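Novice: Structure incoming, see below.
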Amino acid sequence: MTIRHEPDASRYVYLDGAGVETGEVEYQRDGDTLRLLRAEVPMERRGEGLGLALVRETLEMIRDEHHGTIQPICPFIAKFMVKNPEFQALRA
């Protein structure tokens, strides 16, 4: 699975091996801060661990490419960051 950044749509998309969209993280840019609004996987794919992988890989991509901070608005992302302190340095 891979993450693709779609800046024109303000989202990160999670793609499976066949290139099918299996989730997304939607964001809003506020200066140098990315406000992570929601993380979502299709209802029929929930419970497979895709949400955790989606958030982890998105945060890794943001850490590698974005030179600002993030503000996790989405409760799922905020909870993930609390449980994974390696991403705390990204927080606004």
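Identifiers in this document derive from the order of the structure tokens: chains are assigned A, B, ..., residues are numbered from 1 separately in each chain, and ligands are numbered from 1 in order of occurrence.
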Got a sec: who's within 12 Å of Phe87 (chain A), counting only C-alpha atoms, leaving out chain neighbours fewer than 5 positions off, as an MDAnalysis selection string?
Specialist: chainID A and resid 55:64 69:72 77:82 92
Novice: So that I can see what lies close to Gly23 (chain A), please list as a list in words the residues with an atom at most 8 Å from it, counting only C-alpha atoms and leaving out residues fewer than 6 positions away in the same chain.
Specialist: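 Residues meeting the cut-off are Val13, Tyr14, Leu15, Ala39, Glu40, Val41, Pro42, Leu50, Gly51 and Leu54 of chain A.
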Novice: For CA of Leu34 (chain A) and CA of Pro75 (chain A), determine how far apart the two atoms are, in Å to one decimal place.
Specialist: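 Between CA of Leu34 (chain A) and CA of Pro75 (chain A) the gap is 15.0 Å.
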Novice: Could you tell me which of A:Gly49, A:Ala89, A:Leu37, A:Thr2 comes closest to Cys74 (chain A) if we count only C-alpha atoms?
Specialist: A:Leu37
Novice: Give the answer as one residue: which of A:Ala53, A:His67, A:Met43, A:Leu90 has the shortest atom-to-atom distance to Ile3 (chain A), using only C-alpha atoms?
Specialist: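 With only C-alpha atoms as the atom set, the closest residue is A:Ala53.
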Novice: Step one, run DSSP on the backbone; step two, keep only residues of region 6-79 of chain A assigned to alpha helix (DSSP H); then write them as a PyMOL selection string.
Specialist: chain A and resi 50-65+75-79
Novice: Give me, as a ChimeraX atom specification, the residues of chain A that a backbone DSSP run labels strand (DSSP E).
Specialist: /A:2-6,11-15,21-30,33-40,69-72
Novice: Tell me, in Å to one decimal, how far CA of Asn84 (chain A) is from CA of Arg11 (chain A).
Specialist: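 These two atoms are separated by 21.7 Å.
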